[in-house]
Amino acid sequence: ESMNINPKHICNFLREVEVRYKHDNPYHNNIHAADVTQTTHALFQLIDEQYIIRIYDKITIFSLLLAATFHDIGHPGTNNLFQQNAITRLAVEYNDVSVLENMHSAVGHSLLYHKEGCEVIEGWDQDDKVRSRNIMTKAILGTDMTNHFSQTEQLDSLVCLVSNLAEGISQDDIDCENGMHEPQPVLLILANTFDLTDENKECNHLKDLLMKFLLHAADISN
């Protein structure tokens, strides 16, 4: 109710999503989608609520959970390399760039925005709809394994940059005996930073990358 979502529409949407998964696909099927959605939820639960509510708003969290439901919708059972080498219709349509991920995103968003009775977020204002779609699209495209190692390197680099901010955020964790700093969890650093300002470029970049990486982590773990 607080998200202004029609329960009937979310049920209709999930039913439409489920039937569009290919049930003869031994891996990328509706069961995999349910597993990834549950794992995404579990990852949110593992993150302390005090961090989550200080870093991300409800729209961001809901959008990621919704994206998990259709992140592999309509998967044909082949990978992007096959699509590119076979010059399939999908490869041509998406110019060989994250072919399947682009297709999954397009199919899911078509249902979400254009299928009657499935307009889950129709009660939101236009800015929130656009932001939600942007979150979901980036998260789904982020599941392309081609980008796994580059994204991991980018994440490591940003974590190091943001961790260096800890020196200027708080002195409360200094060890009185040896004068050394206790290492701070990166989410605590982010939360403390966003309490002060939302204009730090590195923190905002890490915030967005972490959200996208949550779905990727849930996907490759199932």
# chains A, B, ... in the order shown; residues from 1 in each chain; ligands from 1

$ select_by_dssp --residues "segment 57-171 of chain A" --states "alpha helix (DSSP H)" --output "JSON, numbers by chain"
{"A": [58, 59, 60, 61, 62, 63, 64, 65, 66, 67, 68, 69, 80, 81, 82, 83, 84, 85, 89, 90, 91, 92, 93, 99, 100, 101, 102, 103, 104, 105, 106, 107, 108, 109, 110, 111, 112, 113, 114, 126, 127, 128, 129, 130, 131, 132, 133, 134, 135, 136, 137, 138, 139, 140, 141, 148, 149, 150, 151, 152, 153, 154, 155, 156, 157, 158, 159, 160, 161, 162, 163, 166, 167, 168, 169]}

$ residues_around --residues "Arg54 of chain A" --least-positions-apart "2" --cutoff "10 Å" --atoms "only C-alpha atoms" --output "ChimeraX atom specification"
/A:49-52,56-57,187-188,190-195

$ write_last_selection --atoms "N, CA, C and O atoms" --output "PDB file, in the first residue's frame"
ATOM      1  N   GLU A  49      19.532  -3.567   8.113  1.00  0.00           N
ATOM      2  CA  GLU A  49      18.479  -2.629   7.724  1.00  0.00           C
ATOM      3  C   GLU A  49      18.893  -1.172   7.930  1.00  0.00           C
ATOM      4  O   GLU A  49      18.501  -0.289   7.179  1.00  0.00           O
ATOM      5  N   GLN A  50      19.739  -0.934   8.943  1.00  0.00           N
ATOM      6  CA  GLN A  50      20.158   0.443   9.213  1.00  0.00           C
ATOM      7  C   GLN A  50      20.967   1.009   8.051  1.00  0.00           C
ATOM      8  O   GLN A  50      20.987   2.219   7.827  1.00  0.00           O
ATOM      9  N   TYR A  51      21.639   0.123   7.296  1.00  0.00           N
ATOM     10  CA  TYR A  51      22.392   0.581   6.138  1.00  0.00           C
ATOM     11  C   TYR A  51      21.469   0.756   4.938  1.00  0.00           C
ATOM     12  O   TYR A  51      21.537   1.751   4.225  1.00  0.00           O
ATOM     13  N   ILE A  52      20.618  -0.248   4.724  1.00  0.00           N
ATOM     14  CA  ILE A  52      19.754  -0.249   3.537  1.00  0.00           C
ATOM     15  C   ILE A  52      18.892   1.010   3.470  1.00  0.00           C
ATOM     16  O   ILE A  52      18.838   1.691   2.451  1.00  0.00           O
ATOM     17  N   TYR A  56      19.496   3.279   0.228  1.00  0.00           N
ATOM     18  CA  TYR A  56      18.561   3.060  -0.876  1.00  0.00           C
ATOM     19  C   TYR A  56      17.120   3.360  -0.454  1.00  0.00           C
ATOM     20  O   TYR A  56      16.736   3.111   0.689  1.00  0.00           O
ATOM     21  N   ASP A  57      16.330   3.853  -1.388  1.00  0.00           N
ATOM     22  CA  ASP A  57      14.919   4.092  -1.095  1.00  0.00           C
ATOM     23  C   ASP A  57      14.084   2.882  -1.515  1.00  0.00           C
ATOM     24  O   ASP A  57      14.584   1.936  -2.126  1.00  0.00           O
ATOM     25  N   LEU A 187      29.499  -0.469   3.630  1.00  0.00           N
ATOM     26  CA  LEU A 187      28.120   0.018   3.678  1.00  0.00           C
ATOM     27  C   LEU A 187      27.937   1.066   4.772  1.00  0.00           C
ATOM     28  O   LEU A 187      27.158   2.009   4.615  1.00  0.00           O
ATOM     29  N   LEU A 188      28.667   0.914   5.882  1.00  0.00           N
ATOM     30  CA  LEU A 188      28.610   1.920   6.941  1.00  0.00           C
ATOM     31  C   LEU A 188      29.215   3.232   6.442  1.00  0.00           C
ATOM     32  O   LEU A 188      28.687   4.319   6.719  1.00  0.00           O
ATOM     33  N   LEU A 190      29.306   4.232   3.339  1.00  0.00           N
ATOM     34  CA  LEU A 190      28.336   4.813   2.414  1.00  0.00           C
ATOM     35  C   LEU A 190      27.196   5.489   3.171  1.00  0.00           C
ATOM     36  O   LEU A 190      26.800   6.613   2.855  1.00  0.00           O
ATOM     37  N   ALA A 191      26.667   4.789   4.163  1.00  0.00           N
ATOM     38  CA  ALA A 191      25.545   5.334   4.931  1.00  0.00           C
ATOM     39  C   ALA A 191      25.942   6.640   5.621  1.00  0.00           C
ATOM     40  O   ALA A 191      25.202   7.621   5.589  1.00  0.00           O
ATOM     41  N   ASN A 192      27.123   6.644   6.238  1.00  0.00           N
ATOM     42  CA  ASN A 192      27.585   7.855   6.917  1.00  0.00           C
ATOM     43  C   ASN A 192      27.796   9.002   5.929  1.00  0.00           C
ATOM     44  O   ASN A 192      27.498  10.163   6.237  1.00  0.00           O
ATOM     45  N   THR A 193      28.297   8.653   4.748  1.00  0.00           N
ATOM     46  CA  THR A 193      28.533   9.682   3.740  1.00  0.00           C
ATOM     47  C   THR A 193      27.224  10.277   3.254  1.00  0.00           C
ATOM     48  O   THR A 193      27.084  11.503   3.140  1.00  0.00           O
ATOM     49  N   PHE A 194      26.247   9.420   2.976  1.00  0.00           N
ATOM     50  CA  PHE A 194      24.961   9.914   2.472  1.00  0.00           C
ATOM     51  C   PHE A 194      24.172  10.657   3.548  1.00  0.00           C
ATOM     52  O   PHE A 194      23.275  11.435   3.223  1.00  0.00           O
ATOM     53  N   ASP A 195      24.507  10.419   4.821  1.00  0.00           N
ATOM     54  CA  ASP A 195      23.894  11.216   5.885  1.00  0.00           C
ATOM     55  C   ASP A 195      24.344  12.680   5.797  1.00  0.00           C
ATOM     56  O   ASP A 195      23.623  13.588   6.189  1.00  0.00           O
TER      57      ASP A 195
END

$ atom_distance --atom1 "atom CA of Phe70 of chain A" --atom2 "atom CA of Ile5 of chain A"
18.0 Å

$ closest_residue --among "A:Val130, A:Leu215, A:Leu46, A:Leu141" --to "Leu66 of chain A" --atoms "only C-alpha atoms"
A:Leu215

$ residues_around --residues "Leu81 of chain A" --least-positions-apart "2" --cutoff "12 Å" --atoms "only C-alpha atoms" --output "list in words"
Gly77, Thr78, Asn79, Gln83, Gln84, Asn85, Ala86, Ile87, Thr88, Leu90, Ala91, Asp96, Val97, Ser98, Val99, Leu100, Asp144, Met145 and Thr146 of chain A

$ residues_around --residues "Asn25 of chain A" --least-positions-apart "2" --cutoff "9 Å" --atoms "only C-alpha atoms" --output "list in words"
Tyr21, Lys22, His23, Tyr27, His28, Asn29, His75, Pro76 and Gly77 of chain A

$ closest_residue --among "A:Ile121, A:Ala106, A:Ile140, A:Ala218" --to "Ala34 of chain A" --atoms "only C-alpha atoms"
A:Ala218

$ closest_residue --among "A:His216, A:His109, A:Lys115, A:His41" --to "Ala139 of chain A" --atoms "only C-alpha atoms"
A:His216

$ residues_around --residues "Val186 of chain A" --least-positions-apart "3" --cutoff "7 Å" --atoms "only C-alpha atoms" --output "compact mmCIF listing (two decimals) with N, CA and C atoms, in the first residue's frame"
# COMPACT_ATOMS: atom_id res chain seq x y z
N VAL A 159 35.42 0.42 -4.09
CA VAL A 159 35.43 0.12 -2.66
C VAL A 159 36.66 0.73 -2.01
N SER A 163 36.48 3.58 0.74
CA SER A 163 37.05 3.25 2.05
C SER A 163 37.98 4.35 2.55
N ILE A 189 30.30 3.12 5.70
CA ILE A 189 30.93 4.32 5.13
C ILE A 189 29.96 5.02 4.19
N LEU A 190 29.31 4.23 3.34
CA LEU A 190 28.34 4.81 2.41
C LEU A 190 27.20 5.49 3.17

$ atom_distance --atom1 "atom CA of Asn134 of chain A" --atom2 "atom CA of Asn164 of chain A"
29.1 Å

$ atom_distance --atom1 "atom CA of Asn147 of chain A" --atom2 "atom CA of Pro26 of chain A"
24.0 Å

$ closest_residue --among "A:Asn95, A:Thr37, A:Asp128, A:Ala42" --to "Lys58 of chain A" --atoms "only C-alpha atoms"
A:Asp128

$ residues_around --residues "Leu64 of chain A" --least-positions-apart "5" --cutoff "10 Å" --atoms "only C-alpha atoms" --output "VMD selection string"
chain A and resid 37 40 to 41 59 69 71 132 to 133 135 to 140 211 to 212 214 to 215

$ write_last_selection --atoms "C-alpha atoms" --output "mmCIF file, in the first residue's frame"
data_model
loop_
_atom_site.group_PDB
_atom_site.id
_atom_site.type_symbol
_atom_site.label_atom_id
_atom_site.label_comp_id
_atom_site.auth_asym_id
_atom_site.auth_seq_id
_atom_site.Cartn_x
_atom_site.Cartn_y
_atom_site.Cartn_z
ATOM 1 C CA THR A 37 14.330 -13.440 -6.836
ATOM 2 C CA THR A 40 18.057 -11.189 -4.117
ATOM 3 C CA HIS A 41 15.602 -10.786 -1.247
ATOM 4 C CA ILE A 59 11.662 2.325 -5.225
ATOM 5 C CA THR A 69 11.613 -11.963 -11.701
ATOM 6 C CA HIS A 71 15.921 -11.150 -15.735
ATOM 7 C CA SER A 132 12.655 2.450 -11.852
ATOM 8 C CA ARG A 133 13.035 1.353 -15.471
ATOM 9 C CA ILE A 135 17.432 0.647 -12.342
ATOM 10 C CA MET A 136 15.901 -2.549 -13.726
ATOM 11 C CA THR A 137 17.524 -2.204 -17.144
ATOM 12 C CA LYS A 138 21.003 -1.621 -15.718
ATOM 13 C CA ALA A 139 20.617 -4.528 -13.304
ATOM 14 C CA ILE A 140 19.508 -6.974 -16.005
ATOM 15 C CA MET A 211 22.757 -2.475 -6.475
ATOM 16 C CA LYS A 212 23.431 -3.835 -9.958
ATOM 17 C CA LEU A 214 23.362 -7.749 -6.120
ATOM 18 C CA LEU A 215 21.265 -9.139 -8.966
#

$ decode --residues "segment 56-75 of chain A" --atoms "N, CA, C and O atoms" --output "PDB file, in the first residue's frame"
ATOM      1  N   TYR A  56      19.496   3.279   0.228  1.00  0.00           N
ATOM      2  CA  TYR A  56      18.561   3.060  -0.876  1.00  0.00           C
ATOM      3  C   TYR A  56      17.120   3.360  -0.454  1.00  0.00           C
ATOM      4  O   TYR A  56      16.736   3.111   0.689  1.00  0.00           O
ATOM      5  N   ASP A  57      16.330   3.853  -1.388  1.00  0.00           N
ATOM      6  CA  ASP A  57      14.919   4.092  -1.095  1.00  0.00           C
ATOM      7  C   ASP A  57      14.084   2.882  -1.515  1.00  0.00           C
ATOM      8  O   ASP A  57      14.584   1.936  -2.126  1.00  0.00           O
ATOM      9  N   LYS A  58      12.780   2.937  -1.199  1.00  0.00           N
ATOM     10  CA  LYS A  58      11.901   1.797  -1.468  1.00  0.00           C
ATOM     11  C   LYS A  58      11.785   1.496  -2.962  1.00  0.00           C
ATOM     12  O   LYS A  58      11.684   0.333  -3.356  1.00  0.00           O
ATOM     13  N   ILE A  59      11.794   2.528  -3.780  1.00  0.00           N
ATOM     14  CA  ILE A  59      11.662   2.325  -5.225  1.00  0.00           C
ATOM     15  C   ILE A  59      12.839   1.535  -5.769  1.00  0.00           C
ATOM     16  O   ILE A  59      12.683   0.630  -6.591  1.00  0.00           O
ATOM     17  N   THR A  60      14.031   1.855  -5.299  1.00  0.00           N
ATOM     18  CA  THR A  60      15.223   1.141  -5.759  1.00  0.00           C
ATOM     19  C   THR A  60      15.165  -0.326  -5.366  1.00  0.00           C
ATOM     20  O   THR A  60      15.421  -1.216  -6.187  1.00  0.00           O
ATOM     21  N   ILE A  61      14.830  -0.601  -4.121  1.00  0.00           N
ATOM     22  CA  ILE A  61      14.782  -1.980  -3.628  1.00  0.00           C
ATOM     23  C   ILE A  61      13.696  -2.775  -4.353  1.00  0.00           C
ATOM     24  O   ILE A  61      13.927  -3.900  -4.812  1.00  0.00           O
ATOM     25  N   PHE A  62      12.510  -2.194  -4.484  1.00  0.00           N
ATOM     26  CA  PHE A  62      11.420  -2.888  -5.163  1.00  0.00           C
ATOM     27  C   PHE A  62      11.761  -3.131  -6.638  1.00  0.00           C
ATOM     28  O   PHE A  62      11.483  -4.204  -7.184  1.00  0.00           O
ATOM     29  N   SER A  63      12.390  -2.151  -7.270  1.00  0.00           N
ATOM     30  CA  SER A  63      12.737  -2.286  -8.690  1.00  0.00           C
ATOM     31  C   SER A  63      13.703  -3.436  -8.913  1.00  0.00           C
ATOM     32  O   SER A  63      13.586  -4.179  -9.894  1.00  0.00           O
ATOM     33  N   LEU A  64      14.662  -3.604  -8.012  1.00  0.00           N
ATOM     34  CA  LEU A  64      15.631  -4.693  -8.175  1.00  0.00           C
ATOM     35  C   LEU A  64      14.951  -6.045  -7.994  1.00  0.00           C
ATOM     36  O   LEU A  64      15.226  -6.993  -8.738  1.00  0.00           O
ATOM     37  N   LEU A  65      14.061  -6.148  -7.014  1.00  0.00           N
ATOM     38  CA  LEU A  65      13.334  -7.404  -6.805  1.00  0.00           C
ATOM     39  C   LEU A  65      12.452  -7.723  -8.018  1.00  0.00           C
ATOM     40  O   LEU A  65      12.360  -8.873  -8.436  1.00  0.00           O
ATOM     41  N   LEU A  66      11.827  -6.697  -8.579  1.00  0.00           N
ATOM     42  CA  LEU A  66      10.978  -6.899  -9.749  1.00  0.00           C
ATOM     43  C   LEU A  66      11.821  -7.336 -10.946  1.00  0.00           C
ATOM     44  O   LEU A  66      11.430  -8.240 -11.692  1.00  0.00           O
ATOM     45  N   ALA A  67      12.989  -6.716 -11.112  1.00  0.00           N
ATOM     46  CA  ALA A  67      13.877  -7.080 -12.223  1.00  0.00           C
ATOM     47  C   ALA A  67      14.322  -8.535 -12.121  1.00  0.00           C
ATOM     48  O   ALA A  67      14.470  -9.225 -13.139  1.00  0.00           O
ATOM     49  N   ALA A  68      14.513  -9.015 -10.902  1.00  0.00           N
ATOM     50  CA  ALA A  68      14.940 -10.406 -10.707  1.00  0.00           C
ATOM     51  C   ALA A  68      13.926 -11.389 -11.281  1.00  0.00           C
ATOM     52  O   ALA A  68      14.288 -12.453 -11.792  1.00  0.00           O
ATOM     53  N   THR A  69      12.649 -11.036 -11.236  1.00  0.00           N
ATOM     54  CA  THR A  69      11.613 -11.963 -11.701  1.00  0.00           C
ATOM     55  C   THR A  69      11.690 -12.195 -13.212  1.00  0.00           C
ATOM     56  O   THR A  69      11.377 -13.283 -13.685  1.00  0.00           O
ATOM     57  N   PHE A  70      12.108 -11.182 -13.975  1.00  0.00           N
ATOM     58  CA  PHE A  70      12.122 -11.353 -15.433  1.00  0.00           C
ATOM     59  C   PHE A  70      13.514 -11.213 -16.047  1.00  0.00           C
ATOM     60  O   PHE A  70      13.645 -11.021 -17.255  1.00  0.00           O
ATOM     61  N   HIS A  71      14.564 -11.380 -15.229  1.00  0.00           N
ATOM     62  CA  HIS A  71      15.921 -11.150 -15.735  1.00  0.00           C
ATOM     63  C   HIS A  71      16.346 -12.152 -16.805  1.00  0.00           C
ATOM     64  O   HIS A  71      17.270 -11.885 -17.571  1.00  0.00           O
ATOM     65  N   ASP A  72      15.679 -13.315 -16.888  1.00  0.00           N
ATOM     66  CA  ASP A  72      15.998 -14.320 -17.917  1.00  0.00           C
ATOM     67  C   ASP A  72      14.759 -14.731 -18.709  1.00  0.00           C
ATOM     68  O   ASP A  72      14.743 -15.801 -19.331  1.00  0.00           O
ATOM     69  N   ILE A  73      13.742 -13.898 -18.718  1.00  0.00           N
ATOM     70  CA  ILE A  73      12.479 -14.248 -19.369  1.00  0.00           C
ATOM     71  C   ILE A  73      12.688 -14.573 -20.853  1.00  0.00           C
ATOM     72  O   ILE A  73      13.424 -13.892 -21.564  1.00  0.00           O
ATOM     73  N   GLY A  74      12.069 -15.665 -21.300  1.00  0.00           N
ATOM     74  CA  GLY A  74      12.151 -16.050 -22.701  1.00  0.00           C
ATOM     75  C   GLY A  74      13.507 -16.581 -23.141  1.00  0.00           C
ATOM     76  O   GLY A  74      13.791 -16.647 -24.348  1.00  0.00           O
ATOM     77  N   HIS A  75      14.348 -16.976 -22.194  1.00  0.00           N
ATOM     78  CA  HIS A  75      15.699 -17.449 -22.542  1.00  0.00           C
ATOM     79  C   HIS A  75      15.616 -18.653 -23.481  1.00  0.00           C
ATOM     80  O   HIS A  75      14.961 -19.645 -23.176  1.00  0.00           O
TER      81      HIS A  75
END
